[in-house]
Each structure stands twice: as C-alpha cells, then as structure tokens.
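Trainee: Just dropping this structure here.
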Amino acid sequence: YVKENTTSFEVSPTLCFDLVFMVCFLDAEFELEYVALVSAKQQVVSGMVYYLEIEASSGGVKKLYEARIWEKPWSNFKSLQDFKEKQIP
C-alpha cells in the first residue's frame with residue numbers, strides 16, 4: 001500500500017536535503033541544489049520508503065527528479081534506492 005499526498009504526512013524536513021547530499025556524494029561532478037518538494041508518497045515496509053518528486057537546480061537549470069529513499073529512523077539508516085530525472089512526455 002502506497003499513500004500519496006504532499007500535505008497529510010510529514011516528510012522529514014532534512015530528508016530532501018539528505019537526498020541531494022546523497023546524490024552529490026555519489027557523483028562528485030553532479031551539482032544539485034534543492035528547490036522544492038513537488039510530491040511525495042510513502043510506503044510502510046521495514047521502516048518507511050519515500051517516493052519523492054523534487055524540483056532541483058543543476059547548472060542554473062531547474063528540473064524535476066524522482067527519488068526513492070528507504071529510511072529506518074530507529075537505526076539511523078537512510079538509503080537512496082533510486083534517483084533519476086523525471087521524463088516529461
């Protein structure tokens with residue numbers, strides 16, 4: 001079951017910034033600046049999986065990105081499972 005909403009549940013304020021840090025850490029040449037959270041979904045697993053759509057700036061150009069983050073707060077665990085630019089048809 002995946003719950004979709006950008007307002008009825010709390011996305012940790014640091015989660016989006018952590019996402020950008022993880023992406024930039026994985027690829028040093030990938031400069032990304034967080035702009036806004038566009039949409040969010042959450043799924044309860046062993047912890048929580050967040051499906052985030054964010055707006056970010058890369059080289060001064062704003063783009064949309066999709067990310068999947070697995071978080072287990074009780075063990076201080078966050079893992080970036082997937083990150084890609086959103087393809088707009």
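Scheme for the structure tokens: letters A, B, ... for chains in order shown; per-chain residue numbers from 1; ligand numbers from 1 in order shown.
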What lies within 10 Å of region 58-74 of chain A using only C-alpha atoms, ignoring chain neighbours under 3 positions off, as a ChimeraX atom specification?
Mentor: /A:15-16,18-20,23,30-55,77-88
